[in-house]
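**Student:** Data: my_file27.txt, compact mmCIF, C-alpha atoms.
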```
# COMPACT_ATOMS: atom_id res chain seq x y z
CA MET A 1 -50.78 -3.88 -24.31
CA GLN A 2 -47.25 -4.69 -25.45
CA SER A 3 -44.51 -3.95 -22.91
CA GLN A 4 -41.90 -1.43 -23.95
CA LYS A 5 -38.44 -2.99 -24.20
CA PRO A 6 -35.73 -1.10 -22.31
CA THR A 7 -32.83 0.43 -24.21
CA HIS A 8 -30.69 1.71 -21.32
CA ALA A 9 -30.19 0.07 -17.93
CA ALA A 10 -28.62 1.78 -14.91
CA LEU A 11 -27.10 -0.27 -12.11
CA LEU A 12 -26.90 1.48 -8.73
CA VAL A 13 -24.62 -0.50 -6.43
CA GLY A 14 -25.71 0.28 -2.88
CA SER A 15 -23.03 -1.44 -0.82
CA PRO A 16 -20.47 0.52 1.19
CA LYS A 17 -17.97 -2.06 -0.06
CA GLY A 18 -18.50 -0.79 -3.62
CA GLN A 19 -16.54 -2.70 -6.24
CA ASN A 20 -15.77 -5.59 -3.85
CA SER A 21 -19.34 -6.21 -2.83
CA THR A 22 -21.77 -9.06 -3.41
CA SER A 23 -24.26 -6.42 -4.57
CA ASN A 24 -21.83 -5.52 -7.36
CA SER A 25 -21.38 -9.22 -8.25
CA LEU A 26 -25.13 -9.79 -8.54
CA GLY A 27 -25.96 -6.51 -10.28
CA THR A 28 -23.08 -6.80 -12.74
CA TYR A 29 -24.08 -10.34 -13.71
CA LEU A 30 -27.60 -9.13 -14.51
CA LEU A 31 -26.22 -6.13 -16.39
CA GLU A 32 -23.94 -8.35 -18.49
CA LYS A 33 -26.87 -10.58 -19.43
CA LEU A 34 -28.91 -7.51 -20.39
CA GLU A 35 -26.02 -6.18 -22.51
CA GLN A 36 -25.90 -9.51 -24.36
CA LYS A 37 -29.54 -8.85 -25.27
CA GLY A 38 -28.75 -5.41 -26.69
CA VAL A 39 -29.53 -3.22 -23.66
CA HIS A 40 -26.95 -0.45 -23.12
CA SER A 41 -25.82 -0.07 -19.57
CA GLY A 42 -24.18 2.20 -17.03
CA LYS A 43 -23.14 1.66 -13.41
CA VAL A 44 -22.47 3.82 -10.36
CA PHE A 45 -21.33 2.98 -6.84
CA LEU A 46 -23.47 4.87 -4.37
CA ASN A 47 -20.68 5.04 -1.77
CA GLN A 48 -18.84 7.29 -4.24
CA CYS A 49 -21.85 9.32 -5.38
CA LEU A 50 -23.06 11.22 -2.36
CA GLY A 51 -20.01 13.25 -1.34
CA SER A 52 -20.77 16.33 -3.43
CA GLU A 53 -23.52 17.80 -5.58
CA GLU A 54 -21.41 17.13 -8.69
CA LYS A 55 -21.16 13.44 -7.83
CA GLN A 56 -24.87 13.27 -7.05
CA ALA A 57 -25.55 14.86 -10.45
CA VAL A 58 -23.62 12.06 -12.18
CA MET A 59 -25.85 9.48 -10.51
CA LEU A 60 -29.03 11.44 -11.28
CA ARG A 61 -28.01 11.87 -14.94
CA LEU A 62 -27.55 8.10 -15.25
CA VAL A 63 -31.00 7.52 -13.72
CA ASP A 64 -32.46 10.17 -16.00
CA SER A 65 -31.03 8.62 -19.17
CA SER A 66 -32.11 5.05 -18.32
CA ASP A 67 -35.44 3.32 -18.70
CA LEU A 68 -34.51 0.37 -16.50
CA ILE A 69 -33.04 1.09 -13.07
CA ILE A 70 -31.52 -1.74 -11.04
CA LEU A 71 -30.73 -1.16 -7.38
CA ALA A 72 -28.45 -3.83 -5.90
CA PHE A 73 -27.81 -3.59 -2.17
CA PRO A 74 -26.96 -5.52 0.99
CA LEU A 75 -29.39 -5.79 3.88
CA TYR A 76 -28.53 -3.40 6.70
CA VAL A 77 -30.37 -3.63 10.02
CA ASP A 78 -33.44 -5.22 8.39
CA SER A 79 -33.56 -2.67 5.60
CA LEU A 80 -31.37 -0.46 3.38
CA HIS A 81 -28.02 1.15 4.18
CA SER A 82 -28.28 4.89 4.93
CA GLN A 83 -26.50 5.75 1.67
CA VAL A 84 -29.13 3.84 -0.30
CA ILE A 85 -32.00 5.60 1.48
CA LYS A 86 -30.25 8.93 0.88
CA THR A 87 -30.07 8.03 -2.82
CA LEU A 88 -33.77 7.14 -2.94
CA GLU A 89 -34.59 10.43 -1.19
CA LEU A 90 -32.47 12.34 -3.74
CA ILE A 91 -34.08 10.57 -6.71
CA ALA A 92 -37.57 11.18 -5.29
CA GLU A 93 -36.77 14.89 -4.92
CA TYR A 94 -35.32 15.00 -8.44
CA GLU A 95 -38.34 13.25 -9.96
CA LYS A 96 -40.90 15.38 -8.10
CA GLY A 97 -43.45 16.79 -10.52
CA LYS A 98 -42.26 14.69 -13.47
CA LEU A 99 -44.75 12.48 -15.21
CA HIS A 100 -43.23 9.07 -15.93
CA LEU A 101 -46.46 7.12 -16.29
CA GLY A 102 -44.57 4.00 -15.35
CA LYS A 103 -42.28 4.19 -18.40
CA LYS A 104 -39.18 3.77 -16.24
CA LYS A 105 -38.89 0.35 -14.68
CA PHE A 106 -37.34 -0.24 -11.27
CA VAL A 107 -35.81 -3.49 -10.01
CA ALA A 108 -34.28 -4.38 -6.63
CA ILE A 109 -31.65 -7.04 -5.89
CA ALA A 110 -31.17 -7.58 -2.16
CA ASN A 111 -28.69 -9.85 -0.44
CA SER A 112 -27.93 -10.67 3.16
CA GLY A 113 -25.55 -12.83 5.15
CA PHE A 114 -28.36 -14.73 6.85
CA PRO A 115 -29.22 -17.99 5.12
CA GLU A 116 -32.91 -17.11 4.74
CA ALA A 117 -33.89 -14.75 1.92
CA ASN A 118 -36.96 -13.77 3.93
CA HIS A 119 -34.93 -11.23 5.96
CA ASN A 120 -34.90 -9.01 2.84
CA LYS A 121 -38.67 -8.75 2.60
CA ILE A 122 -38.97 -5.29 4.20
CA ALA A 123 -36.11 -3.87 2.12
CA VAL A 124 -37.74 -5.08 -1.10
CA ASN A 125 -41.07 -3.61 0.07
CA VAL A 126 -39.34 -0.27 0.64
CA CYS A 127 -38.07 -0.35 -2.96
CA ARG A 128 -41.55 -1.16 -4.25
CA ILE A 129 -43.06 1.74 -2.29
CA PHE A 130 -40.32 4.05 -3.59
CA ALA A 131 -41.05 3.04 -7.21
CA LYS A 132 -44.75 3.66 -6.73
CA GLN A 133 -44.21 7.05 -5.08
CA VAL A 134 -41.90 8.38 -7.82
CA GLY A 135 -43.98 6.98 -10.69
CA TYR A 136 -41.65 4.20 -11.81
CA SER A 137 -43.05 0.84 -12.80
CA TRP A 138 -42.13 -1.88 -10.28
CA ALA A 139 -40.56 -4.76 -12.21
CA GLY A 140 -39.82 -6.98 -9.21
CA GLY A 141 -37.41 -7.71 -6.41
CA LEU A 142 -34.84 -10.51 -6.25
CA ALA A 143 -33.76 -11.37 -2.72
CA MET A 144 -31.17 -13.86 -1.59
CA GLY A 145 -29.69 -15.05 1.68
CA GLY A 146 -26.28 -16.67 2.04
CA GLY A 147 -24.40 -13.70 0.59
CA ALA A 148 -21.15 -15.02 2.06
CA MET A 149 -21.12 -17.68 -0.67
CA ILE A 150 -20.38 -14.89 -3.13
CA SER A 151 -18.37 -12.46 -0.95
CA GLY A 152 -17.91 -9.93 -3.73
CA ARG A 153 -16.47 -12.38 -6.26
CA PRO A 154 -17.64 -12.22 -9.89
CA LEU A 155 -20.57 -14.58 -10.24
CA GLY A 156 -19.30 -15.98 -13.53
CA GLU A 157 -16.21 -17.36 -11.78
CA LEU A 158 -18.18 -19.23 -9.14
CA GLY A 159 -19.46 -22.76 -9.41
CA GLY A 160 -22.39 -24.88 -8.31
CA MET A 161 -22.95 -23.18 -4.95
CA VAL A 162 -24.45 -20.19 -6.76
CA ARG A 163 -26.09 -22.00 -9.67
CA ASN A 164 -29.58 -20.95 -8.52
CA GLN A 165 -28.57 -17.28 -8.29
CA LYS A 166 -27.00 -17.30 -11.78
CA LYS A 167 -29.99 -19.04 -13.32
CA ALA A 168 -32.40 -16.63 -11.58
CA LEU A 169 -30.53 -13.59 -12.92
CA GLU A 170 -30.50 -15.08 -16.42
CA VAL A 171 -34.27 -15.66 -16.29
CA ALA A 172 -34.73 -12.11 -14.95
CA ALA A 173 -32.55 -10.64 -17.74
CA GLU A 174 -34.59 -12.43 -20.39
CA ALA A 175 -37.88 -11.05 -19.03
CA LEU A 176 -36.57 -7.53 -18.36
CA SER A 177 -35.04 -7.27 -21.84
CA GLN A 178 -38.52 -7.95 -23.23
CA GLY A 179 -40.00 -5.20 -21.09
CA GLU A 180 -41.61 -7.67 -18.70
CA ALA A 181 -41.45 -7.95 -14.93
CA ILE A 182 -39.16 -10.48 -13.25
CA PRO A 183 -40.96 -13.87 -13.25
CA GLU A 184 -41.90 -15.50 -9.94
CA LYS A 185 -39.72 -18.44 -10.98
CA ALA A 186 -36.60 -16.25 -10.80
CA ILE A 187 -37.66 -14.75 -7.45
CA ALA A 188 -38.12 -18.23 -5.98
CA LEU A 189 -34.89 -19.56 -7.49
CA ILE A 190 -32.56 -16.83 -6.22
CA SER A 191 -33.81 -17.37 -2.66
CA LYS A 192 -32.52 -20.97 -2.59
CA ILE A 193 -28.98 -21.26 -1.31
CA GLY A 194 -26.91 -23.98 -2.93
CA ILE A 195 -25.67 -25.67 0.25
CA PRO A 196 -27.52 -27.07 3.31
CA LYS A 197 -28.39 -24.42 5.90
CA TRP A 198 -26.52 -26.24 8.70
CA LEU A 199 -23.36 -26.26 6.59
CA TYR A 200 -23.68 -22.56 5.76
CA LEU A 201 -24.05 -21.76 9.48
CA TRP A 202 -21.12 -23.97 10.47
CA MET A 203 -18.93 -22.41 7.79
CA GLY A 204 -20.08 -18.91 8.78
CA ASN A 205 -19.39 -19.27 12.51
CA ARG A 206 -16.03 -20.92 11.80
CA GLY A 207 -15.18 -18.31 9.17
CA TRP A 208 -15.62 -15.41 11.62
CA LYS A 209 -13.22 -17.03 14.09
CA GLN A 210 -10.64 -17.75 11.42
CA GLU A 211 -10.79 -14.19 10.15
CA ALA A 212 -10.57 -12.72 13.65
CA LYS A 213 -7.63 -14.98 14.54
CA GLN A 214 -5.46 -13.10 12.06
CA GLN A 215 -5.81 -9.92 14.12
CA ILE A 216 -6.85 -10.71 17.69
CA ASP A 217 -7.20 -13.50 20.24
CA THR A 218 -10.58 -15.08 19.40
CA LYS A 219 -11.60 -14.86 23.08
CA GLU A 220 -11.67 -11.07 22.60
CA MET A 221 -14.49 -11.47 20.08
CA TYR A 222 -16.85 -11.76 23.08
CA ASN A 223 -15.63 -8.53 24.73
CA LYS A 224 -18.21 -6.27 26.36
CA PRO A 225 -16.53 -2.86 26.20
CA PHE A 226 -19.54 -1.00 27.61
CA LYS A 227 -20.75 -1.82 31.05
CA SER A 228 -24.49 -1.83 31.33
CA GLU A 229 -25.54 0.65 34.02
CA ARG A 230 -28.93 -0.96 34.34
CA MET B 1 -34.55 5.34 33.99
CA LYS B 2 -32.16 6.33 31.23
CA ALA B 3 -33.36 7.19 27.73
CA LEU B 4 -31.62 8.01 24.47
CA VAL B 5 -33.59 9.95 21.85
CA LEU B 6 -32.33 9.75 18.27
CA ASN B 7 -34.00 12.51 16.29
CA GLY B 8 -33.80 11.67 12.57
CA SER B 9 -35.63 14.71 11.21
CA ARG B 10 -34.12 16.18 8.05
CA THR B 11 -35.12 19.79 8.82
CA GLU B 12 -36.20 21.62 11.96
CA LYS B 13 -39.69 22.16 10.52
CA GLU B 14 -40.65 18.49 10.50
CA ALA B 15 -43.45 17.13 12.69
CA VAL B 16 -41.20 14.76 14.64
CA ASN B 17 -39.51 17.76 16.27
CA SER B 18 -42.70 18.64 18.11
CA VAL B 19 -42.90 15.01 19.24
CA SER B 20 -39.36 15.34 20.50
CA ASP B 21 -40.27 18.37 22.64
CA PHE B 22 -43.31 16.65 24.15
CA LEU B 23 -41.45 13.40 24.69
CA LEU B 24 -38.61 15.18 26.49
CA ASP B 25 -41.04 17.06 28.73
CA SER B 26 -42.82 13.82 29.63
CA LEU B 27 -39.63 11.90 30.36
CA ARG B 28 -37.96 14.71 32.31
CA LYS B 29 -41.08 15.28 34.41
CA ASN B 30 -40.62 11.70 35.59
CA GLY B 31 -37.08 12.57 36.63
CA ASP B 32 -35.66 10.34 33.90
CA GLU B 33 -32.18 10.91 32.56
CA VAL B 34 -32.59 11.76 28.87
CA GLU B 35 -30.05 12.41 26.16
CA VAL B 36 -31.16 13.75 22.79
CA MET B 37 -29.11 13.44 19.62
CA VAL B 38 -30.34 15.62 16.76
CA LEU B 39 -28.60 13.60 14.10
CA ARG B 40 -28.70 16.14 11.27
CA ASN B 41 -26.51 18.44 13.38
CA MET B 42 -23.93 15.76 14.09
CA SER B 43 -21.03 14.44 12.12
CA ILE B 44 -21.76 10.73 11.79
CA ALA B 45 -20.16 8.82 8.95
CA SER B 46 -21.98 5.99 7.19
CA CYS B 47 -21.12 2.45 8.27
CA LEU B 48 -18.33 1.05 6.06
CA GLY B 49 -19.43 -2.56 6.36
CA CYS B 50 -15.83 -3.43 7.34
CA PHE B 51 -16.75 -5.71 10.29
CA GLY B 52 -13.95 -4.09 12.29
CA CYS B 53 -16.36 -4.00 15.25
CA TRP B 54 -16.35 -7.83 15.19
CA LEU B 55 -12.83 -8.60 14.03
CA LYS B 56 -10.46 -5.80 15.12
CA THR B 57 -11.95 -3.96 18.10
CA PRO B 58 -14.82 -6.26 19.17
CA GLY B 59 -17.81 -4.29 20.37
CA GLU B 60 -16.48 -0.93 19.21
CA CYS B 61 -16.76 0.79 15.85
CA VAL B 62 -13.46 1.62 14.16
CA ILE B 63 -14.67 4.99 12.82
CA HIS B 64 -13.76 7.75 15.25
CA ASP B 65 -16.63 10.23 15.15
CA ALA B 66 -19.87 10.86 17.10
CA GLY B 67 -21.27 7.56 15.79
CA ASN B 68 -18.56 5.73 17.70
CA GLU B 69 -20.29 6.62 20.98
CA LEU B 70 -23.61 5.11 19.92
CA PRO B 71 -23.05 1.46 20.95
CA GLY B 72 -22.13 2.53 24.50
CA LYS B 73 -24.98 5.01 24.81
CA VAL B 74 -27.46 2.43 23.51
CA ILE B 75 -26.33 -0.38 25.78
CA GLN B 76 -26.42 1.92 28.83
CA SER B 77 -30.01 3.06 28.13
CA ASP B 78 -33.29 1.53 29.23
CA PHE B 79 -35.14 2.98 26.25
CA VAL B 80 -34.03 4.16 22.81
CA PHE B 81 -36.49 6.43 21.03
CA LEU B 82 -36.31 6.67 17.25
CA LEU B 83 -37.97 9.77 15.80
CA THR B 84 -38.21 9.92 12.04
CA PRO B 85 -40.10 11.10 9.02
CA ILE B 86 -41.07 7.92 7.18
CA SER B 87 -39.27 7.55 3.83
CA PHE B 88 -40.90 4.89 1.64
CA GLY B 89 -42.02 2.91 4.67
CA MET B 90 -38.73 3.18 6.53
CA TYR B 91 -36.49 5.46 8.58
CA SER B 92 -35.01 8.67 7.16
CA SER B 93 -31.43 8.52 5.91
CA GLU B 94 -30.42 10.72 8.88
CA LEU B 95 -31.75 8.24 11.42
CA LYS B 96 -30.50 5.23 9.49
CA LYS B 97 -26.96 6.66 9.44
CA ALA B 98 -26.96 6.34 13.24
CA LEU B 99 -28.86 3.04 13.28
CA ASP B 100 -26.34 1.42 10.92
CA ARG B 101 -23.56 2.21 13.38
CA PHE B 102 -24.68 0.37 16.52
CA PRO B 103 -26.30 -3.03 15.91
CA CYS B 104 -23.13 -4.80 14.76
CA PRO B 105 -20.99 -3.64 17.71
CA VAL B 106 -23.64 -4.62 20.26
CA LEU B 107 -24.16 -8.07 18.71
CA LEU B 108 -21.81 -10.97 18.01
CA PRO B 109 -21.03 -12.12 14.48
CA PHE B 110 -22.10 -15.67 15.33
CA PHE B 111 -25.45 -17.01 14.24
CA GLU B 112 -28.20 -18.37 16.47
CA LYS B 113 -31.75 -19.51 15.83
CA ILE B 114 -34.71 -17.48 17.12
CA ASN B 115 -38.18 -18.85 16.35
CA GLY B 116 -36.74 -20.99 13.57
CA GLU B 117 -34.95 -18.08 11.89
CA ILE B 118 -31.25 -17.18 11.99
CA HIS B 119 -30.10 -13.99 13.75
CA HIS B 120 -26.87 -12.70 15.29
CA ALA B 121 -26.25 -13.81 18.88
CA PRO B 122 -26.33 -11.15 21.62
CA ARG B 123 -23.09 -9.67 23.00
CA TYR B 124 -24.78 -8.26 26.12
CA ASN B 125 -27.29 -9.72 28.55
CA LYS B 126 -29.81 -6.93 28.18
CA TYR B 127 -30.81 -4.45 25.49
CA PRO B 128 -32.91 -1.29 25.69
CA THR B 129 -36.54 -1.27 24.59
CA LEU B 130 -36.97 0.41 21.19
CA VAL B 131 -39.75 2.95 20.69
CA ALA B 132 -40.12 4.34 17.17
CA ILE B 133 -42.30 7.32 16.27
CA GLY B 134 -42.67 7.87 12.54
CA ALA B 135 -44.30 10.78 10.73
CA LEU B 136 -46.22 10.60 7.46
CA PRO B 137 -47.96 13.39 5.53
CA ASN B 138 -51.13 11.27 5.30
CA SER B 139 -52.38 7.81 6.15
CA ASP B 140 -50.74 5.28 3.83
CA GLU B 141 -51.39 1.63 4.64
CA GLU B 142 -48.43 0.22 2.70
CA SER B 143 -45.88 2.55 4.28
CA GLU B 144 -47.40 2.11 7.74
CA ASN B 145 -47.34 -1.70 7.56
CA THR B 146 -43.76 -1.70 6.31
CA PHE B 147 -42.64 0.73 9.02
CA THR B 148 -44.38 -1.19 11.80
CA THR B 149 -42.91 -4.50 10.60
CA LEU B 150 -39.46 -2.94 10.30
CA VAL B 151 -39.51 -1.73 13.90
CA SER B 152 -40.68 -5.10 15.18
CA ARG B 153 -37.96 -6.89 13.12
CA ASN B 154 -35.36 -4.52 14.60
CA GLY B 155 -36.61 -5.63 18.01
CA ILE B 156 -36.08 -9.31 17.16
CA ASN B 157 -32.59 -8.71 15.80
CA LEU B 158 -31.63 -6.58 18.80
CA HIS B 159 -33.01 -9.12 21.27
CA THR B 160 -35.46 -6.63 22.74
CA LYS B 161 -39.04 -5.42 22.69
CA ALA B 162 -40.01 -2.80 20.13
CA PHE B 163 -43.00 -0.49 19.83
CA SER B 164 -44.05 2.00 17.19
CA THR B 165 -46.61 4.64 16.42
CA ILE B 166 -47.29 6.87 13.43
CA ILE B 167 -48.35 10.50 13.37
CA TYR B 168 -49.78 12.42 10.42
CA SER B 169 -49.25 16.03 9.35
CA ALA B 170 -52.94 16.75 9.97
CA ASP B 171 -52.84 15.43 13.56
CA THR B 172 -53.53 18.08 16.18
CA ALA B 173 -51.06 18.62 19.01
CA GLU B 174 -53.52 16.87 21.32
CA THR B 175 -53.80 13.81 19.03
CA ILE B 176 -50.01 13.57 18.83
CA LYS B 177 -49.76 13.76 22.62
CA GLN B 178 -52.34 10.99 23.02
CA LYS B 179 -50.51 8.77 20.52
CA VAL B 180 -47.18 9.31 22.27
CA ILE B 181 -48.67 8.72 25.73
CA ALA B 182 -50.35 5.50 24.56
CA THR B 183 -47.07 4.26 23.05
CA LEU B 184 -45.06 5.11 26.18
CA SER B 185 -47.61 3.26 28.24
CA LYS B 186 -47.45 0.17 25.98
CA ALA B 187 -43.65 0.25 26.11
CA GLY B 188 -43.70 0.34 29.89
CA VAL B 189 -42.31 3.87 30.33
CA GLN B 190 -43.54 4.86 33.78
```
Written as structure tokens, that's how I'd like the structure from this file.

**Tutor:**
Amino acid sequence: MQSQKPTHAALLVGSPKGQNSTSNSLGTYLLEKLEQKGVHSGKVFLNQCLGSEEKQAVMLRLVDSSDLIILAFPLYVDSLHSQVIKTLELIAEYEKGKLHLGKKKFVAIANSGFPEANHNKIAVNVCRIFAKQVGYSWAGGLAMGGGAMISGRPLGELGGMVRNQKKALEVAAEALSQGEAIPEKAIALISKIGIPKWLYLWMGNRGWKQEAKQQIDTKEMYNKPFKSER
Amino acid sequence: MKALVLNGSRTEKEAVNSVSDFLLDSLRKNGDEVEVMVLRNMSIASCLGCFGCWLKTPGECVIHDAGNELPGKVIQSDFVFLLTPISFGMYSSELKKALDRFPCPVLLPFFEKINGEIHHAPRYNKYPTLVAIGALPNSDEESENTFTTLVSRNGINLHTKAFSTIIYSADTAETIKQKVIATLSKAGVQ
């Protein structure tokens, strides 16, 4: 059976940092590649969508009018941020009783600050279960570690450190635009960070101290404000 | 023993509320000090991802609402109970709103290796045991496996032990009691 090519893609950016997030960088890059292949697109920031019923309706209308839904989000406590779960709960409620027969495709892009992409596994599973429960067709999950290498900057402006992530999103866009699921090659590629793990960790630990130094004495970073009563 | 119960039910009709009643009775009978937070009735903002709890006011959240008290309450408890309907294999948005607000403040931003994998280093010497009780309408292997793995991963990241059990809508009150008792016993609640 020939896969149906998508005509409209919706990007749901699930980071509380909104416009300045790595989720936005990754999702937007994929969206741009899809647009180049003739897929129309729309984007919403979930941190701006949940405050009122009117705002929720804007998000639901975008989902309703799209046949490819891309959820880009950061890892939060081993899974999804509360605003992203709230969104999935709202969509599930909205789609209740509708018969999609898998015509809408759903894609997840997860990122975390840990160097290993594996931390995102549960979050991607949650997205897959969501797609199955609402009747969307699961088109794959892209998961990357080392999110600090992007730090909310547009992917197109970044160099070799994120070459694997760019290539993976390009491969994913090609497949999705043809109505196919994201190839395993793209899933494997996005999980590879472009610098050695030891260097990423060294830069990360140093980076926190440098950032804190602008506001506090770095010794305060180890404060224990709550005394354990146990 | 001190326990904190985070009730993540979305309505008062949900099955986890009956678990909450039974759990409270059991804990209070032991003379334990128990605090219950019914999260849907509380004003808790979503985490902003600002890292203020690492960089501005280390160990404390910068949002001044009920969620701000969570890190202190968690660190001063022996057990934290998570009660939730299971949404797509994970916690409800109500519970997650609270959960997003305390791990960063109680951990350090710095990385350390645990079993070959990178995690955030602990801020405190000891963390409470996590006990999660999730409710599903029916048995669903995929959701159950995801939920169970999630709870155990939370345990690793919070440098503590974590236990979970799942109840179904069709479970009788007696079955639910037995499941809760078995989980409390496994978790070491006396």

**Student:** Select all residues near (-25.3, -2.4, -18.2) (cut-off 10 Å, inclusive, file coordinates), counting only C-alpha atoms, and output them as a ChimeraX atom specification.

**Tutor:** /A:8-11,27-36,38-43,68-70

**Student:** Between B:Ile44, B:Ala173, B:Leu158, B:Ala182, single out the one closest to Pro122 (chain B), counting only C-alpha atoms.

**Tutor:**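 Smallest separation from Pro122 (chain B) among the options: B:Leu158.
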
**Student:** What does the structure give for the distance between CA of Gly152 (chain A) and CA of Pro74 (chain A), in Å to one decimal?

**Tutor:** 11.1 Å

**Student:** Mind listing as JSON, numbers by chain which residues of chain B are within 6 Å of chain A, counting all atoms listed in the file?

**Tutor:** {"B": [48, 55, 58, 72, 76, 88, 89, 93, 96, 97, 110]}

**Student:** Pick out the residues sitting within 6 Å of Arg123 (chain B), and hand them over as a list in words; count only C-alpha atoms, and ignore anything fewer than 4 positions along from it in its own chain.

**Tutor:**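 Returned residues: Val106, Leu107 and Leu108 of chain B.
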
**Student:** Rounded to one decimal place, report the CA of Ile114 (chain B)-CA of Leu130 (chain B) distance in Å.

**Tutor:**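 Interatomic distance, CA of Ile114 (chain B) to CA of Leu130 (chain B): 18.5 Å.
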
**Student:** Between CA of Phe147 (chain B) and CA of Ile166 (chain B), what is the distance, to one decimal in Å?

**Tutor:**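 Those two atoms sit 8.9 Å apart.
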
**Student:** Neighbouring residues of Gln178 (chain A) were defined as those with any atom within 8 Å, considering only C-alpha atoms; residues of the same chain fewer than 6 positions away were excluded. Please report them as number ranges by chain.

**Tutor:** A: 3-6

**Student:** Identify which of the residues B:Gly134, B:His119, B:Leu27, B:Phe79 lies closest to Gly8 (chain B), counting only C-alpha atoms when measuring atom-to-atom distances.

**Tutor:**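 For Gly8 (chain B), the nearest of the given residues is B:Gly134.
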
**Student:** Applying 12 Å and all atoms listed in the file, which residues near His64 (chain B) remain after dropping the ones on its own chain fewer than 3 positions away? List them as a PyMOL selection string.

**Tutor:** chain B and resi 43-47+60-61+67-70+101

**Student:** Taking into account all atoms listed in the file, which residue in the set A:Gly51, A:Gly147, A:Gly102, A:Gly156 is nearest to Gly135 (chain A)?

**Tutor:**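 Closest to Gly135 (chain A) of all the choices is A:Gly102.
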
**Student:** Might I get the box with edges along x, y and z of the file that holds all atoms of region 29-47 of chain A listed there, padded by 3 Å on every side, given as centre and edge lengths in Å to one decimal, as JSON?

**Tutor:**
```
{"center_x": -25.1, "center_y": -2.8, "center_z": -14.2, "size_x": 14.9, "size_y": 21.6, "size_z": 30.9}
```

**Student:** Excluding region 185-189 of chain A and any residue of its chain fewer than 5 positions from it, enumerate the residues within 10 Å of it, using all atoms listed in the file, and give them as an MDAnalysis selection string.

**Tutor:** chainID A and resid 109 117 140:144 163:173 175

**Student:** Which of these, B:Arg153, B:Val38, B:Val180, B:Asp25, has the shortest distance to Thr11 (chain B) once you count all atoms listed in the file?

**Tutor:**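 Selected residue with least distance to Thr11 (chain B): B:Val38.
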
**Student:** Would you pick out the contacts of Met1 (chain B) at 7 Å or less, using all atoms listed in the file, so that residues sharing its chain but fewer than 2 positions from it are not included, and give the list as JSON, numbers by chain?

**Tutor:** {"B": [3, 32, 33, 78]}

**Student:** Choose the residue, out of B:Thr146, B:Asn115, B:Asn41, B:Asn17, that has the smallest atom-to-atom separation from Leu83 (chain B); count all atoms listed in the file.

**Tutor:** B:Asn17
